[in-house]
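*Asks:* One structure coming up, written as structure tokens, with questions to follow.
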Amino acid sequence: VYITAAARCAPPGNKPLPTEVAACQPFLLRELALLTRVQVVICLGRIALDAYARARGLRLDFGHGVWNETDPPVLASYHPSQQNTQTGRLTPAMMAAIFAAARKRLR
């Protein structure tokens, strides 16, 4: 397991601007270049999915539990923010199901 972030700091309103995500992309690109045995990618939130897609030059679909059949496969999830967890949009069971689904894909 390796965890990284599309943006390196929590911005005001907890939503990074596109320029902030772009400023962090070189760090993401370097980290991805070092990861040579990735079997599954889980993107927690649309911002993460979009940042990964840009880094890899991919078009990816977003939705909780949506698999993108790329190499390696990419699984999208809602972000585990307070807004999503406190409103019930993302429950502990839903989050557990994401990681269980990813685990099934491991070789």
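Naming works like this for the structure tokens: A, B, ... for the chains as they're shown, residue 1 at the start of each chain, ligands 1 onward in shown order.
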Go through chain A and collect every residue that DSSP, computed from the backbone, puts in helix (DSSP H, G or I); the answer should be as an mmCIF file with C-alpha atoms, in the first residue's frame.
*Replies:*
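Result went into out_20.cif, see below:
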```
data_model
loop_
_atom_site.group_PDB
_atom_site.id
_atom_site.type_symbol
_atom_site.label_atom_id
_atom_site.label_comp_id
_atom_site.auth_asym_id
_atom_site.auth_seq_id
_atom_site.Cartn_x
_atom_site.Cartn_y
_atom_site.Cartn_z
ATOM 1 C CA PRO A 12 -9.466 27.239 2.612
ATOM 2 C CA GLY A 13 -12.869 25.619 2.191
ATOM 3 C CA ASN A 14 -11.087 22.254 1.923
ATOM 4 C CA PRO A 18 -6.895 23.889 -10.039
ATOM 5 C CA THR A 19 -3.698 25.946 -9.787
ATOM 6 C CA GLU A 20 -2.894 24.373 -6.401
ATOM 7 C CA VAL A 21 -3.382 20.853 -7.750
ATOM 8 C CA ALA A 22 -1.265 21.744 -10.800
ATOM 9 C CA ALA A 23 1.499 23.057 -8.541
ATOM 10 C CA CYS A 24 1.595 19.696 -6.742
ATOM 11 C CA GLN A 25 1.536 17.575 -9.900
ATOM 12 C CA PRO A 26 5.351 17.329 -10.242
ATOM 13 C CA PHE A 27 5.466 15.627 -6.831
ATOM 14 C CA LEU A 28 2.739 13.196 -7.866
ATOM 15 C CA LEU A 29 4.514 12.439 -11.145
ATOM 16 C CA ARG A 30 7.776 11.669 -9.338
ATOM 17 C CA GLU A 31 6.048 9.389 -6.861
ATOM 18 C CA LEU A 32 4.192 7.518 -9.599
ATOM 19 C CA ALA A 33 7.431 7.009 -11.531
ATOM 20 C CA LEU A 34 8.921 5.244 -8.500
ATOM 21 C CA ARG A 46 -12.986 13.390 -7.921
ATOM 22 C CA ILE A 47 -10.015 15.710 -7.396
ATOM 23 C CA ALA A 48 -7.744 12.708 -6.832
ATOM 24 C CA LEU A 49 -9.191 10.877 -9.837
ATOM 25 C CA ASP A 50 -8.770 13.899 -12.095
ATOM 26 C CA ALA A 51 -5.191 14.478 -10.889
ATOM 27 C CA TYR A 52 -4.277 10.830 -11.503
ATOM 28 C CA ALA A 53 -5.950 10.899 -14.911
ATOM 29 C CA ARG A 54 -3.978 14.012 -15.917
ATOM 30 C CA ALA A 55 -0.742 12.474 -14.635
ATOM 31 C CA ARG A 56 -1.313 9.316 -16.673
ATOM 32 C CA GLN A 82 -16.373 15.190 7.021
ATOM 33 C CA GLN A 83 -18.939 16.538 4.589
ATOM 34 C CA ASN A 84 -19.357 13.110 2.984
ATOM 35 C CA THR A 85 -19.125 11.016 6.136
ATOM 36 C CA GLN A 86 -21.317 13.162 8.384
ATOM 37 C CA PRO A 92 -17.946 3.109 6.897
ATOM 38 C CA ALA A 93 -19.437 0.099 5.102
ATOM 39 C CA MET A 94 -19.104 1.808 1.723
ATOM 40 C CA MET A 95 -15.468 2.659 2.447
ATOM 41 C CA ALA A 96 -14.729 -0.895 3.585
ATOM 42 C CA ALA A 97 -16.339 -2.224 0.399
ATOM 43 C CA ILE A 98 -13.948 -0.124 -1.723
ATOM 44 C CA PHE A 99 -10.896 -1.666 -0.098
ATOM 45 C CA ALA A 100 -12.406 -5.168 -0.202
ATOM 46 C CA ALA A 101 -13.061 -4.771 -3.938
ATOM 47 C CA ALA A 102 -9.504 -3.565 -4.520
ATOM 48 C CA ARG A 103 -8.087 -6.457 -2.540
ATOM 49 C CA LYS A 104 -9.916 -8.950 -4.775
#
```
*Asks:* Of the residues A:Leu35, A:Pro80, A:Cys43, A:Thr70, which is the one nearest to Tyr2 (chain A), using only C-alpha atoms?
*Replies:*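 Among the listed residues, A:Leu35 lies closest to Tyr2 (chain A).
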*Asks:* Just list as a list of chain:residue names whatever in chain A DSSP marks as strand (DSSP E).
*Replies:* A:Val41, A:Ile42, A:Cys43, A:Leu44, A:Trp67, A:Asn68, A:Val74, A:Leu75, A:Ala76, A:Ser77
*Asks:* Would you save the residues from that selection as an mmCIF file, in the first residue's frame, using all heavy atoms?
*Replies:*
```cif
data_model
loop_
_atom_site.group_PDB
_atom_site.id
_atom_site.type_symbol
_atom_site.label_atom_id
_atom_site.label_comp_id
_atom_site.auth_asym_id
_atom_site.auth_seq_id
_atom_site.Cartn_x
_atom_site.Cartn_y
_atom_site.Cartn_z
ATOM 1 N N VAL A 41 -5.166 1.039 -8.273
ATOM 2 C CA VAL A 41 -5.134 2.416 -7.792
ATOM 3 C C VAL A 41 -6.528 2.749 -7.280
ATOM 4 O O VAL A 41 -7.525 2.479 -7.963
ATOM 5 C CB VAL A 41 -4.741 3.393 -8.921
ATOM 6 C CG1 VAL A 41 -4.890 4.839 -8.465
ATOM 7 C CG2 VAL A 41 -3.332 3.117 -9.396
ATOM 8 N N ILE A 42 -6.595 3.297 -6.069
ATOM 9 C CA ILE A 42 -7.859 3.784 -5.518
ATOM 10 C C ILE A 42 -7.747 5.299 -5.432
ATOM 11 O O ILE A 42 -6.826 5.818 -4.803
ATOM 12 C CB ILE A 42 -8.143 3.211 -4.116
ATOM 13 C CG1 ILE A 42 -8.222 1.688 -4.159
ATOM 14 C CG2 ILE A 42 -9.434 3.813 -3.554
ATOM 15 C CD1 ILE A 42 -8.312 1.051 -2.779
ATOM 16 N N CYS A 43 -8.680 5.998 -6.053
ATOM 17 C CA CYS A 43 -8.698 7.456 -5.980
ATOM 18 C C CYS A 43 -9.841 7.874 -5.065
ATOM 19 O O CYS A 43 -11.007 7.582 -5.339
ATOM 20 C CB CYS A 43 -8.880 8.060 -7.366
ATOM 21 S SG CYS A 43 -7.449 7.837 -8.432
ATOM 22 N N LEU A 44 -9.482 8.545 -3.982
ATOM 23 C CA LEU A 44 -10.467 8.990 -3.003
ATOM 24 C C LEU A 44 -10.929 10.400 -3.355
ATOM 25 O O LEU A 44 -10.326 11.388 -2.965
ATOM 26 C CB LEU A 44 -9.882 8.944 -1.590
ATOM 27 C CG LEU A 44 -9.417 7.569 -1.112
ATOM 28 C CD1 LEU A 44 -8.811 7.664 0.276
ATOM 29 C CD2 LEU A 44 -10.558 6.576 -1.140
ATOM 30 N N TRP A 67 -15.130 1.143 -11.440
ATOM 31 C CA TRP A 67 -13.828 0.640 -11.900
ATOM 32 C C TRP A 67 -13.528 1.232 -13.262
ATOM 33 O O TRP A 67 -14.389 1.269 -14.138
ATOM 34 C CB TRP A 67 -13.852 -0.887 -12.032
ATOM 35 C CG TRP A 67 -13.667 -1.610 -10.755
ATOM 36 C CD1 TRP A 67 -14.636 -2.192 -9.998
ATOM 37 C CD2 TRP A 67 -12.428 -1.840 -10.074
ATOM 38 N NE1 TRP A 67 -14.082 -2.768 -8.886
ATOM 39 C CE2 TRP A 67 -12.727 -2.571 -8.903
ATOM 40 C CE3 TRP A 67 -11.105 -1.490 -10.336
ATOM 41 C CZ2 TRP A 67 -11.745 -2.965 -8.001
ATOM 42 C CZ3 TRP A 67 -10.134 -1.892 -9.428
ATOM 43 C CH2 TRP A 67 -10.457 -2.614 -8.283
ATOM 44 N N ASN A 68 -12.310 1.666 -13.456
ATOM 45 C CA ASN A 68 -11.793 2.081 -14.755
ATOM 46 C C ASN A 68 -10.795 1.007 -15.159
ATOM 47 O O ASN A 68 -9.781 0.820 -14.484
ATOM 48 C CB ASN A 68 -11.126 3.457 -14.661
ATOM 49 C CG ASN A 68 -12.131 4.555 -14.425
ATOM 50 O OD1 ASN A 68 -12.664 5.112 -15.363
ATOM 51 N ND2 ASN A 68 -12.434 4.850 -13.163
ATOM 52 N N VAL A 74 -8.205 1.333 -12.067
ATOM 53 C CA VAL A 74 -8.420 2.456 -11.150
ATOM 54 C C VAL A 74 -9.839 2.369 -10.601
ATOM 55 O O VAL A 74 -10.808 2.300 -11.360
ATOM 56 C CB VAL A 74 -8.208 3.803 -11.872
ATOM 57 C CG1 VAL A 74 -8.506 4.966 -10.930
ATOM 58 C CG2 VAL A 74 -6.796 3.901 -12.428
ATOM 59 N N LEU A 75 -9.941 2.379 -9.278
ATOM 60 C CA LEU A 75 -11.222 2.335 -8.589
ATOM 61 C C LEU A 75 -11.502 3.706 -7.984
ATOM 62 O O LEU A 75 -10.671 4.237 -7.248
ATOM 63 C CB LEU A 75 -11.188 1.264 -7.498
ATOM 64 C CG LEU A 75 -12.429 1.087 -6.631
ATOM 65 C CD1 LEU A 75 -13.676 0.807 -7.454
ATOM 66 C CD2 LEU A 75 -12.190 -0.028 -5.614
ATOM 67 N N ALA A 76 -12.653 4.266 -8.305
ATOM 68 C CA ALA A 76 -13.036 5.581 -7.793
ATOM 69 C C ALA A 76 -13.888 5.435 -6.532
ATOM 70 O O ALA A 76 -14.658 4.487 -6.404
ATOM 71 C CB ALA A 76 -13.805 6.358 -8.853
ATOM 72 N N SER A 77 -13.728 6.383 -5.635
ATOM 73 C CA SER A 77 -14.509 6.409 -4.402
ATOM 74 C C SER A 77 -14.810 7.856 -4.040
ATOM 75 O O SER A 77 -14.059 8.766 -4.395
ATOM 76 C CB SER A 77 -13.713 5.770 -3.262
ATOM 77 O OG SER A 77 -14.372 5.974 -2.020
#
```
